[in-house]
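Coordinates as given in run.pdb (PDB, C-alpha atoms, pLDDT in the B column):
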ATOM      1  CA  MET A 957     -24.011  42.049 -22.400  1.00 45.00           C
ATOM      2  CA  THR A 958     -22.486  38.706 -23.366  1.00 41.00           C
ATOM      3  CA  THR A 959     -19.109  39.863 -22.098  1.00 43.00           C
ATOM      4  CA  LEU A 960     -20.657  40.971 -18.792  1.00 38.00           C
ATOM      5  CA  ILE A 961     -22.394  37.615 -18.313  1.00 40.00           C
ATOM      6  CA  ASP A 962     -19.181  35.735 -19.132  1.00 41.00           C
ATOM      7  CA  ASP A 963     -17.242  37.876 -16.627  1.00 41.00           C
ATOM      8  CA  ARG A 964     -19.811  37.142 -13.918  1.00 42.00           C
ATOM      9  CA  ARG A 965     -19.660  33.427 -14.613  1.00 42.00           C
ATOM     10  CA  ALA A 966     -15.858  33.524 -14.474  1.00 39.00           C
ATOM     11  CA  SER A 967     -15.969  35.400 -11.175  1.00 40.00           C
ATOM     12  CA  ALA A 968     -18.470  32.897  -9.757  1.00 41.00           C
ATOM     13  CA  ALA A 969     -16.233  30.004 -10.818  1.00 38.00           C
ATOM     14  CA  VAL A 970     -13.307  31.557  -8.972  1.00 39.00           C
ATOM     15  CA  ALA A 971     -15.340  32.517  -5.911  1.00 43.00           C
ATOM     16  CA  SER A 972     -17.105  29.165  -5.547  1.00 52.00           C
ATOM     17  CA  PRO A 973     -14.158  27.226  -4.025  1.00 61.00           C
ATOM     18  CA  ALA A 974     -13.439  30.129  -1.677  1.00 67.00           C
ATOM     19  CA  ARG A 975     -17.041  30.010  -0.500  1.00 75.00           C
ATOM     20  CA  TYR A 976     -16.454  26.506   0.861  1.00 90.00           C
ATOM     21  CA  PHE A 977     -13.095  27.267   2.458  1.00 94.00           C
ATOM     22  CA  TYR A 978     -14.269  27.581   6.077  1.00 95.00           C
ATOM     23  CA  PHE A 979     -16.526  24.556   5.745  1.00 95.00           C
ATOM     24  CA  ASN A 980     -13.605  22.512   4.404  1.00 95.00           C
ATOM     25  CA  MET A 981     -11.379  23.765   7.220  1.00 96.00           C
ATOM     26  CA  ALA A 982     -14.014  22.747   9.779  1.00 96.00           C
ATOM     27  CA  LEU A 983     -14.120  19.286   8.183  1.00 96.00           C
ATOM     28  CA  ALA A 984     -10.321  19.110   8.401  1.00 96.00           C
ATOM     29  CA  CYS A 985     -10.423  20.033  12.099  1.00 95.00           C
ATOM     30  CA  ALA A 986     -13.040  17.348  12.804  1.00 95.00           C
ATOM     31  CA  ALA A 987     -11.031  14.757  10.869  1.00 95.00           C
ATOM     32  CA  VAL A 988      -7.832  15.598  12.773  1.00 94.00           C
ATOM     33  CA  ALA A 989      -9.714  15.360  16.083  1.00 93.00           C
ATOM     34  CA  PHE A 990     -11.272  11.986  15.267  1.00 92.00           C
ATOM     35  CA  LEU A 991      -8.199  10.390  13.699  1.00 91.00           C
ATOM     36  CA  GLY A 992      -5.963  11.748  16.455  1.00 89.00           C
ATOM     37  CA  PHE A 993      -7.970  10.230  19.283  1.00 88.00           C
ATOM     38  CA  ALA A 994      -8.913   7.040  17.437  1.00 86.00           C
ATOM     39  CA  PRO A 995      -5.855   4.977  18.502  1.00 83.00           C
ATOM     40  CA  THR A 996      -5.944   5.948  22.187  1.00 81.00           C
ATOM     41  CA  TYR A 997      -9.638   6.583  22.840  1.00 84.00           C
ATOM     42  CA  PHE A 998     -12.253   5.669  20.222  1.00 84.00           C
ATOM     43  CA  LEU A 999     -10.835   2.266  19.215  1.00 83.00           C
ATOM     44  CA  PRO A1000     -10.058   1.076  22.774  1.00 85.00           C
ATOM     45  CA  LEU A1001     -13.480   2.361  23.876  1.00 82.00           C
ATOM     46  CA  SER A1002     -15.278   0.433  21.133  1.00 83.00           C
ATOM     47  CA  ALA A1003     -13.323  -2.702  22.056  1.00 83.00           C
ATOM     48  CA  GLY A1004     -14.164  -2.349  25.750  1.00 82.00           C
ATOM     49  CA  LYS A1005     -10.492  -1.965  26.670  1.00 81.00           C
ATOM     50  CA  LEU A1006     -10.540   1.612  27.936  1.00 79.00           C
ATOM     51  CA  SER A1007     -10.717   2.321  31.642  1.00 77.00           C
ATOM     52  CA  ALA A1008     -11.137   5.991  32.486  1.00 77.00           C
ATOM     53  CA  PRO A1009     -12.983   8.170  35.009  1.00 77.00           C
ATOM     54  CA  PRO A1010     -16.406   9.525  33.975  1.00 81.00           C
ATOM     55  CA  SER A1011     -14.956  13.048  33.685  1.00 77.00           C
ATOM     56  CA  VAL A1012     -12.620  11.845  30.920  1.00 80.00           C
ATOM     57  CA  HIS A1013     -15.518  10.346  28.940  1.00 83.00           C
ATOM     58  CA  VAL A1014     -17.611  13.489  29.340  1.00 87.00           C
ATOM     59  CA  HIS A1015     -14.580  15.522  28.282  1.00 85.00           C
ATOM     60  CA  GLY A1016     -14.254  13.400  25.135  1.00 85.00           C
ATOM     61  CA  ILE A1017     -17.962  13.593  24.300  1.00 89.00           C
ATOM     62  CA  VAL A1018     -18.110  17.372  24.754  1.00 92.00           C
ATOM     63  CA  PHE A1019     -14.986  18.048  22.692  1.00 91.00           C
ATOM     64  CA  PHE A1020     -16.022  15.765  19.841  1.00 89.00           C
ATOM     65  CA  ALA A1021     -19.531  17.256  19.917  1.00 93.00           C
ATOM     66  CA  TRP A1022     -17.850  20.636  19.399  1.00 93.00           C
ATOM     67  CA  SER A1023     -16.069  19.286  16.309  1.00 93.00           C
ATOM     68  CA  LEU A1024     -19.368  18.150  14.792  1.00 94.00           C
ATOM     69  CA  TYR A1025     -21.088  21.393  15.764  1.00 95.00           C
ATOM     70  CA  PHE A1026     -18.245  23.390  14.211  1.00 95.00           C
ATOM     71  CA  VAL A1027     -18.759  21.574  10.894  1.00 95.00           C
ATOM     72  CA  PHE A1028     -22.517  22.153  11.083  1.00 95.00           C
ATOM     73  CA  GLN A1029     -22.090  25.860  11.813  1.00 94.00           C
ATOM     74  CA  ALA A1030     -19.617  26.257   8.952  1.00 93.00           C
ATOM     75  CA  TRP A1031     -22.061  24.565   6.580  1.00 93.00           C
ATOM     76  CA  LEU A1032     -25.040  26.790   7.370  1.00 92.00           C
ATOM     77  CA  PRO A1033     -23.711  30.016   5.746  1.00 90.00           C
ATOM     78  CA  VAL A1034     -22.520  28.043   2.724  1.00 89.00           C
ATOM     79  CA  SER A1035     -26.028  26.634   2.274  1.00 89.00           C
ATOM     80  CA  GLY A1036     -27.572  30.090   2.599  1.00 87.00           C
ATOM     81  CA  GLN A1037     -28.852  29.615   6.153  1.00 89.00           C
ATOM     82  CA  THR A1038     -27.103  32.540   7.791  1.00 85.00           C
ATOM     83  CA  ALA A1039     -30.036  33.332  10.081  1.00 88.00           C
ATOM     84  CA  ARG A1040     -30.035  29.783  11.409  1.00 89.00           C
ATOM     85  CA  HIS A1041     -26.278  29.969  11.869  1.00 89.00           C
ATOM     86  CA  ARG A1042     -26.846  32.878  14.253  1.00 87.00           C
ATOM     87  CA  SER A1043     -29.838  31.335  16.017  1.00 89.00           C
ATOM     88  CA  VAL A1044     -28.009  28.140  16.990  1.00 90.00           C
ATOM     89  CA  GLY A1045     -24.942  30.052  18.149  1.00 90.00           C
ATOM     90  CA  ILE A1046     -26.077  29.615  21.754  1.00 92.00           C
ATOM     91  CA  ILE A1047     -25.344  25.902  21.381  1.00 93.00           C
ATOM     92  CA  GLY A1048     -21.729  26.785  20.624  1.00 93.00           C
ATOM     93  CA  VAL A1049     -21.557  29.007  23.691  1.00 94.00           C
ATOM     94  CA  SER A1050     -22.910  26.150  25.828  1.00 95.00           C
ATOM     95  CA  LEU A1051     -20.457  23.654  24.346  1.00 94.00           C
ATOM     96  CA  ALA A1052     -17.501  26.022  24.760  1.00 95.00           C
ATOM     97  CA  THR A1053     -18.462  26.588  28.398  1.00 95.00           C
ATOM     98  CA  ALA A1054     -18.666  22.845  29.003  1.00 95.00           C
ATOM     99  CA  MET A1055     -15.355  22.338  27.207  1.00 94.00           C
ATOM    100  CA  THR A1056     -13.680  24.900  29.453  1.00 95.00           C
ATOM    101  CA  ILE A1057     -15.025  23.244  32.601  1.00 94.00           C
ATOM    102  CA  PHE A1058     -14.212  19.682  31.606  1.00 92.00           C
ATOM    103  CA  GLY A1059     -10.890  20.706  30.085  1.00 91.00           C
ATOM    104  CA  PHE A1060      -9.909  22.057  33.487  1.00 93.00           C
ATOM    105  CA  LEU A1061     -11.204  18.892  35.203  1.00 91.00           C
ATOM    106  CA  ALA A1062      -9.234  16.715  32.780  1.00 89.00           C
ATOM    107  CA  GLY A1063      -6.074  18.505  33.904  1.00 91.00           C
ATOM    108  CA  VAL A1064      -6.962  17.804  37.535  1.00 93.00           C
ATOM    109  CA  THR A1065      -7.648  14.144  36.743  1.00 90.00           C
ATOM    110  CA  SER A1066      -4.300  13.876  34.976  1.00 90.00           C
ATOM    111  CA  MET A1067      -2.517  15.269  38.038  1.00 94.00           C
ATOM    112  CA  GLN A1068      -4.355  12.821  40.297  1.00 93.00           C
ATOM    113  CA  ARG A1069      -3.331   9.897  38.101  1.00 91.00           C
ATOM    114  CA  SER A1070       0.272  11.058  38.132  1.00 93.00           C
ATOM    115  CA  ALA A1071       0.236  11.428  41.898  1.00 93.00           C
ATOM    116  CA  ALA A1072      -1.186   7.901  42.249  1.00 92.00           C
ATOM    117  CA  ILE A1073       1.860   6.418  40.482  1.00 91.00           C
ATOM    118  CA  GLY A1074       4.382   8.572  42.332  1.00 92.00           C
ATOM    119  CA  GLN A1075       4.945  11.212  39.647  1.00 94.00           C
ATOM    120  CA  THR A1076       3.334  14.174  41.345  1.00 94.00           C
ATOM    121  CA  ASP A1077       5.847  16.788  40.202  1.00 95.00           C
ATOM    122  CA  ALA A1078       5.709  15.609  36.594  1.00 95.00           C
ATOM    123  CA  GLY A1079       1.902  15.720  36.684  1.00 95.00           C
ATOM    124  CA  ILE A1080       1.903  19.235  38.118  1.00 96.00           C
ATOM    125  CA  ALA A1081       4.359  20.413  35.454  1.00 96.00           C
ATOM    126  CA  PHE A1082       2.303  18.854  32.652  1.00 96.00           C
ATOM    127  CA  SER A1083      -0.976  20.377  33.875  1.00 96.00           C
ATOM    128  CA  ILE A1084      -0.021  23.682  32.287  1.00 96.00           C
ATOM    129  CA  VAL A1085      -0.485  22.118  28.840  1.00 96.00           C
ATOM    130  CA  PRO A1086      -4.226  21.325  29.004  1.00 94.00           C
ATOM    131  CA  TRP A1087      -5.011  24.370  31.146  1.00 96.00           C
ATOM    132  CA  SER A1088      -3.221  26.909  28.966  1.00 96.00           C
ATOM    133  CA  GLY A1089      -4.733  25.273  25.891  1.00 96.00           C
ATOM    134  CA  ILE A1090      -8.319  25.450  27.104  1.00 96.00           C
ATOM    135  CA  LEU A1091      -7.783  28.984  28.402  1.00 96.00           C
ATOM    136  CA  PHE A1092      -6.524  30.107  24.978  1.00 97.00           C
ATOM    137  CA  PHE A1093      -9.513  28.443  23.315  1.00 97.00           C
ATOM    138  CA  ALA A1094     -11.967  30.069  25.737  1.00 97.00           C
ATOM    139  CA  ILE A1095     -10.493  33.560  25.256  1.00 97.00           C
ATOM    140  CA  VAL A1096     -10.428  33.333  21.449  1.00 97.00           C
ATOM    141  CA  PHE A1097     -13.938  31.885  21.384  1.00 97.00           C
ATOM    142  CA  ALA A1098     -15.264  34.635  23.678  1.00 97.00           C
ATOM    143  CA  ILE A1099     -13.723  37.333  21.478  1.00 97.00           C
ATOM    144  CA  GLY A1100     -15.241  35.603  18.460  1.00 96.00           C
ATOM    145  CA  VAL A1101     -18.692  35.746  20.041  1.00 95.00           C
ATOM    146  CA  ALA A1102     -18.192  39.428  20.821  1.00 96.00           C
ATOM    147  CA  MET A1103     -17.276  40.000  17.163  1.00 95.00           C
ATOM    148  CA  VAL A1104     -20.359  38.241  15.773  1.00 92.00           C
ATOM    149  CA  ARG A1105     -21.432  41.437  13.951  1.00 92.00           C
ATOM    150  CA  ARG A1106     -18.082  41.535  12.158  1.00 94.00           C
ATOM    151  CA  PRO A1107     -18.261  38.275  10.186  1.00 92.00           C
ATOM    152  CA  GLU A1108     -14.795  38.550   8.615  1.00 94.00           C
ATOM    153  CA  VAL A1109     -13.265  38.704  12.102  1.00 96.00           C
ATOM    154  CA  HIS A1110     -15.777  36.336  13.705  1.00 95.00           C
ATOM    155  CA  LYS A1111     -15.258  33.408  11.339  1.00 95.00           C
ATOM    156  CA  ARG A1112     -11.472  33.661  11.551  1.00 97.00           C
ATOM    157  CA  LEU A1113     -11.513  33.735  15.349  1.00 97.00           C
ATOM    158  CA  MET A1114     -13.760  30.663  15.423  1.00 96.00           C
ATOM    159  CA  LEU A1115     -11.416  28.833  13.068  1.00 97.00           C
ATOM    160  CA  LEU A1116      -8.422  29.821  15.198  1.00 97.00           C
ATOM    161  CA  ALA A1117     -10.242  28.572  18.312  1.00 97.00           C
ATOM    162  CA  GLY A1118     -11.016  25.266  16.603  1.00 96.00           C
ATOM    163  CA  ILE A1119      -7.419  24.793  15.459  1.00 97.00           C
ATOM    164  CA  SER A1120      -5.994  25.706  18.868  1.00 96.00           C
ATOM    165  CA  ILE A1121      -7.357  22.542  20.517  1.00 95.00           C
ATOM    166  CA  LEU A1122      -6.082  20.127  17.857  1.00 95.00           C
ATOM    167  CA  ASP A1123      -2.567  19.754  19.269  1.00 93.00           C
ATOM    168  CA  ALA A1124      -3.860  17.226  21.820  1.00 90.00           C
ATOM    169  CA  ALA A1125      -5.237  15.023  19.028  1.00 92.00           C
ATOM    170  CA  ILE A1126      -2.057  15.371  16.965  1.00 93.00           C
ATOM    171  CA  ALA A1127       0.037  14.528  20.026  1.00 90.00           C
ATOM    172  CA  ARG A1128      -1.730  11.134  20.198  1.00 86.00           C
ATOM    173  CA  TRP A1129      -0.218  10.233  16.846  1.00 85.00           C
ATOM    174  CA  PHE A1130       3.222  11.268  18.066  1.00 79.00           C
ATOM    175  CA  LEU A1131       2.600   9.107  21.134  1.00 75.00           C
ATOM    176  CA  THR A1132       1.353   6.146  19.118  1.00 69.00           C
ATOM    177  CA  PHE A1133       4.046   6.040  16.452  1.00 65.00           C
ATOM    178  CA  LEU A1134       7.093   7.789  17.918  1.00 61.00           C
ATOM    179  CA  ALA A1135       7.071   7.102  21.664  1.00 56.00           C
ATOM    180  CA  PRO A1136       9.490   4.357  22.722  1.00 51.00           C
ATOM    181  CA  PRO A1137       7.936   1.290  24.380  1.00 51.00           C
ATOM    182  CA  GLY A1138       7.739   1.793  28.124  1.00 49.00           C
ATOM    183  CA  PRO A1139       7.624  -0.549  31.099  1.00 46.00           C
ATOM    184  CA  PRO A1140       4.377  -2.301  32.026  1.00 43.00           C
ATOM    185  CA  GLY A1141       1.919  -0.277  34.078  1.00 45.00           C
ATOM    186  CA  PRO A1142       0.115   3.023  33.682  1.00 52.00           C
ATOM    187  CA  PRO A1143       2.127   5.599  31.742  1.00 65.00           C
ATOM    188  CA  GLY A1144       3.203   8.775  33.444  1.00 76.00           C
ATOM    189  CA  PRO A1145       2.700  12.271  32.049  1.00 86.00           C
ATOM    190  CA  PRO A1146       4.925  13.130  29.088  1.00 87.00           C
ATOM    191  CA  PRO A1147       7.520  15.906  29.374  1.00 91.00           C
ATOM    192  CA  VAL A1148       6.121  19.322  28.524  1.00 94.00           C
ATOM    193  CA  GLU A1149       8.634  19.809  25.713  1.00 93.00           C
ATOM    194  CA  VAL A1150       7.163  16.955  23.653  1.00 91.00           C
ATOM    195  CA  THR A1151       3.888  18.871  23.372  1.00 92.00           C
ATOM    196  CA  ILE A1152       5.497  21.664  21.346  1.00 94.00           C
ATOM    197  CA  PRO A1153       5.967  19.814  17.999  1.00 94.00           C
ATOM    198  CA  PRO A1154       2.256  18.797  17.799  1.00 94.00           C
ATOM    199  CA  ALA A1155       1.334  22.442  18.396  1.00 95.00           C
ATOM    200  CA  PHE A1156       3.455  23.478  15.428  1.00 96.00           C
ATOM    201  CA  VAL A1157       1.816  20.784  13.296  1.00 96.00           C
ATOM    202  CA  ALA A1158      -1.606  22.172  14.243  1.00 96.00           C
ATOM    203  CA  PHE A1159      -0.325  25.643  13.344  1.00 97.00           C
ATOM    204  CA  LEU A1160       0.063  24.446   9.743  1.00 97.00           C
ATOM    205  CA  LEU A1161      -3.716  24.802   9.449  1.00 97.00           C
ATOM    206  CA  VAL A1162      -3.396  28.451  10.479  1.00 97.00           C
ATOM    207  CA  MET A1163      -0.790  28.852   7.748  1.00 97.00           C
ATOM    208  CA  VAL A1164      -3.224  27.322   5.243  1.00 97.00           C
ATOM    209  CA  ALA A1165      -5.783  29.951   6.280  1.00 97.00           C
ATOM    210  CA  MET A1166      -3.170  32.688   5.929  1.00 97.00           C
ATOM    211  CA  VAL A1167      -2.296  31.514   2.405  1.00 96.00           C
ATOM    212  CA  HIS A1168      -6.002  31.507   1.553  1.00 96.00           C
ATOM    213  CA  ASP A1169      -6.270  35.098   2.759  1.00 96.00           C
ATOM    214  CA  TRP A1170      -3.206  36.046   0.770  1.00 95.00           C
ATOM    215  CA  ARG A1171      -4.772  34.669  -2.392  1.00 93.00           C
ATOM    216  CA  THR A1172      -8.265  36.101  -1.838  1.00 92.00           C
ATOM    217  CA  ARG A1173      -7.614  39.437  -0.115  1.00 91.00           C
ATOM    218  CA  GLY A1174      -3.958  40.185  -0.815  1.00 93.00           C
ATOM    219  CA  ARG A1175      -2.665  39.738   2.751  1.00 94.00           C
ATOM    220  CA  PRO A1176      -3.270  37.577   5.840  1.00 95.00           C
ATOM    221  CA  HIS A1177      -5.941  38.854   8.185  1.00 96.00           C
ATOM    222  CA  PRO A1178      -4.651  40.282  11.518  1.00 97.00           C
ATOM    223  CA  VAL A1179      -6.598  37.570  13.365  1.00 97.00           C
ATOM    224  CA  TYR A1180      -4.270  34.929  11.946  1.00 97.00           C
ATOM    225  CA  VAL A1181      -1.123  37.009  12.388  1.00 96.00           C
ATOM    226  CA  ILE A1182      -1.753  38.215  15.942  1.00 97.00           C
ATOM    227  CA  GLY A1183      -3.750  35.181  17.070  1.00 97.00           C
ATOM    228  CA  GLY A1184      -1.328  32.737  15.472  1.00 96.00           C
ATOM    229  CA  LEU A1185       1.684  34.338  17.128  1.00 97.00           C
ATOM    230  CA  ALA A1186      -0.163  34.356  20.466  1.00 97.00           C
ATOM    231  CA  TYR A1187      -0.936  30.647  20.039  1.00 97.00           C
ATOM    232  CA  LEU A1188       2.713  29.795  19.398  1.00 97.00           C
ATOM    233  CA  ALA A1189       3.841  32.025  22.269  1.00 97.00           C
ATOM    234  CA  VAL A1190       1.547  30.201  24.691  1.00 97.00           C
ATOM    235  CA  LYS A1191       2.808  26.797  23.570  1.00 97.00           C
ATOM    236  CA  LEU A1192       6.463  27.832  23.816  1.00 97.00           C
ATOM    237  CA  ALA A1193       5.956  29.533  27.194  1.00 97.00           C
ATOM    238  CA  ASN A1194       4.492  26.353  28.688  1.00 97.00           C
ATOM    239  CA  LEU A1195       7.942  24.802  29.063  1.00 96.00           C
ATOM    240  CA  PRO A1196       9.715  27.478  31.144  1.00 97.00           C
ATOM    241  CA  ILE A1197       6.601  28.274  33.204  1.00 97.00           C
ATOM    242  CA  SER A1198       5.995  24.599  34.035  1.00 96.00           C
ATOM    243  CA  THR A1199       9.320  24.408  35.881  1.00 95.00           C
ATOM    244  CA  THR A1200       8.794  27.463  38.100  1.00 97.00           C
ATOM    245  CA  HIS A1201       8.083  27.337  41.799  1.00 97.00           C
ATOM    246  CA  ALA A1202       5.075  29.611  41.281  1.00 97.00           C
ATOM    247  CA  TRP A1203       3.426  27.160  38.887  1.00 97.00           C
ATOM    248  CA  HIS A1204       4.080  24.166  41.129  1.00 97.00           C
ATOM    249  CA  ALA A1205       2.639  26.058  44.079  1.00 96.00           C
ATOM    250  CA  PHE A1206      -0.461  27.065  42.088  1.00 96.00           C
ATOM    251  CA  ALA A1207      -1.187  23.716  40.418  1.00 95.00           C
ATOM    252  CA  GLY A1208      -0.086  21.768  43.490  1.00 95.00           C
ATOM    253  CA  GLY A1209      -2.589  23.742  45.563  1.00 95.00           C
ATOM    254  CA  ILE A1210      -5.391  22.788  43.185  1.00 95.00           C
ATOM    255  CA  LEU A1211      -4.285  19.136  43.338  1.00 94.00           C
ATOM    256  CA  ALA A1212      -4.295  19.256  47.133  1.00 94.00           C
ATOM    257  CA  MET A1213      -7.878  20.564  47.127  1.00 92.00           C
ATOM    258  CA  ALA A1214      -8.946  17.845  44.695  1.00 86.00           C
ATOM    259  CA  GLN A1215      -7.450  14.957  46.695  1.00 78.00           C
TER     260      GLN A1215
END

Using structure tokens, write down the structure that the file contains.
Amino acid sequence: MTTLIDDRRASAAVASPARYFYFNMALACAAVAFLGFAPTYFLPLSAGKLSAPPSVHVHGIVFFAWSLYFVFQAWLPVSGQTARHRSVGIIGVSLATAMTIFGFLAGVTSMQRSAAIGQTDAGIAFSIVPWSGILFFAIVFAIGVAMVRRPEVHKRLMLLAGISILDAAIARWFLTFLAPPGPPGPPGPPPVEVTIPPAFVAFLLVMVAMVHDWRTRGRPHPVYVIGGLAYLAVKLANLPISTTHAWHAFAGGILAMAQ
């Protein structure tokens, strides 16, 4: 009996850190989102030095609200409130819907700004970055909702969805510390190729999740393998697609309707 109790205590000691893994990953995602946008959004906003259209502010509020909600949802199962986790899931669906809408509008606003400073083609090319990113998030999130009765798949899809939108925050740090000083005036859209390294940095969190799976279940879950490869494929495909006539015709048509 003593041996059995000791074995159970040892197992609980090993399992306890793993129990908090998804909560800790949600915290990491929220921290990356906040720290990434702090230099270019939160700090200028608090100092009254940020001028942006209302759609940009709503976009920021909705996306950061998702980060906080994601942490809250990850905490509920850890604290034994699984039923509540399911009952407030509709809030996540509402936030994800709003994120998809305002993510699309942010891409339109970016194109309009680029057109206003004479960089229409560059703005159209860059629009594939936010649009493909929010589309990937929406698809992964929707599949995650559909898999709610399969928790091992559901929680990994939600984590993948949360990680997939972090490249924009990480890119702000690249912009802040690595971008060369430019001429006075509003900056134009960056080249599409500079968005690829931040995506690979965000992918490091997927690799952390894969290592966790390897240690706890002997192999990475297919969600991380298939979903992670799909994420990288989307980011790499942005560059060649952004230069095609078809993309410029499609995105340029949307810009024309928005003008």

CA of Ala1205 in chain A to CA of Ala1078 in chain A: how many Å, to one decimal?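 Separation of CA of Ala1205 in chain A and CA of Ala1078 in chain A: 13.2 Å.
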
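As for CA of Leu1211 in chain A and CA of Ala1072 in chain A, they are spaced 11.7 Å apart.
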
Could you state which residues are captured by the PyMOL selection byres ((chain A and resi 1055-1070) around 8) in this file, as a VMD selection string? chain A and resid 1011 to 1012 1014 to 1015 1018 to 1019 1051 to 1054 1071 to 1076 1078 to 1080 1083 1086 to 1087 1090 to 1091 1094 1144 to 1145 1210 to 1211 1214 to 1215

Atomic distance CA of Ala1030 in chain A - CA of Ala982 in chain A, expressed in Å with one decimal: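 Computed distance, CA of Ala1030 in chain A to CA of Ala982 in chain A, equals 6.7 Å.
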
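You can rank A:Ala994, A:Met1163, A:Ser1023, A:Trp1203 by their closest distance to Leu1122 in chain A using only C-alpha atoms, and at the top of that list sits A:Ser1023.
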
Protein, DNA and RNA residues within 8 Å of (-6.4, 16.1, 18.0), all atoms listed in the file, as a list in words: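 Neighbouring residues, ordered by chain and number, come to Val988, Ala989, Phe990, Leu991, Gly992, Phe993, Ile1121, Leu1122, Asp1123, Ala1124, Ala1125, Ile1126, Ala1127 and Arg1128 of chain A.
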
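Of the listed residues A:Gly1045, A:Met1166, A:Pro1176, A:Gly1089, the one whose atoms come nearest to Ala1189 in chain A is A:Gly1089, with distances taken using only C-alpha atoms.
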
Any chance you could work out the residue set of the PyMOL selection byres ((chain A and resi 1041) around 9) here, as a list of chain:residue names? A:Phe1028, A:Gln1029, A:Ala1030, A:Trp1031, A:Leu1032, A:Pro1033, A:Gln1037, A:Thr1038, A:Ala1039, A:Arg1040, A:Arg1042, A:Ser1043, A:Val1044, A:Gly1045

Could you write out as a ChimeraX atom specification the residues that the PyMOL selection byres ((chain A and resi 1102-1113) around 12) matches in the shown file? /A:977-979,981-982,1026,1029-1030,1033,1038,1041-1043,1045-1046,1049,1092-1101,1114-1120,1161-1162,1165-1166,1168-1169,1173,1176-1184,1187

Would you pick out the contacts of Ser1198 in chain A at 8 Å or less, using all atoms listed in the file, so that residues sharing its chain but fewer than 6 positions from it are not included, and give the list as a PDB file with C-alpha atoms, in the frame of the given file?
ATOM      1  CA  ILE A1080       1.903  19.235  38.118  1.00 96.00           C
ATOM      2  CA  ALA A1081       4.359  20.413  35.454  1.00 96.00           C
ATOM      3  CA  PHE A1082       2.303  18.854  32.652  1.00 96.00           C
ATOM      4  CA  ILE A1084      -0.021  23.682  32.287  1.00 96.00           C
ATOM      5  CA  VAL A1148       6.121  19.322  28.524  1.00 94.00           C
ATOM      6  CA  HIS A1204       4.080  24.166  41.129  1.00 97.00           C
TER       7      HIS A1204
END

Using the file's own x, y and z axes, what box holds all listed atoms of range 1022-1034 of chain A with 6 Å on each side, keeping edges along x, y and z, and what are its centre and edge lengths in Å to one decimal, as lines of an AutoDock Vina configuration file?
center_x = -20.6
center_y = 24.1
center_z = 11.1
size_x = 21.0
size_y = 23.9
size_z = 28.7

Identify which of the residues A:Phe1159, A:Arg975, A:Leu1131, A:Ala1212 lies closest to Ala1186 in chain A, counting only C-alpha atoms when measuring atom-to-atom distances.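 Checking each candidate against Ala1186 in chain A, we get A:Phe1159 as the closest.
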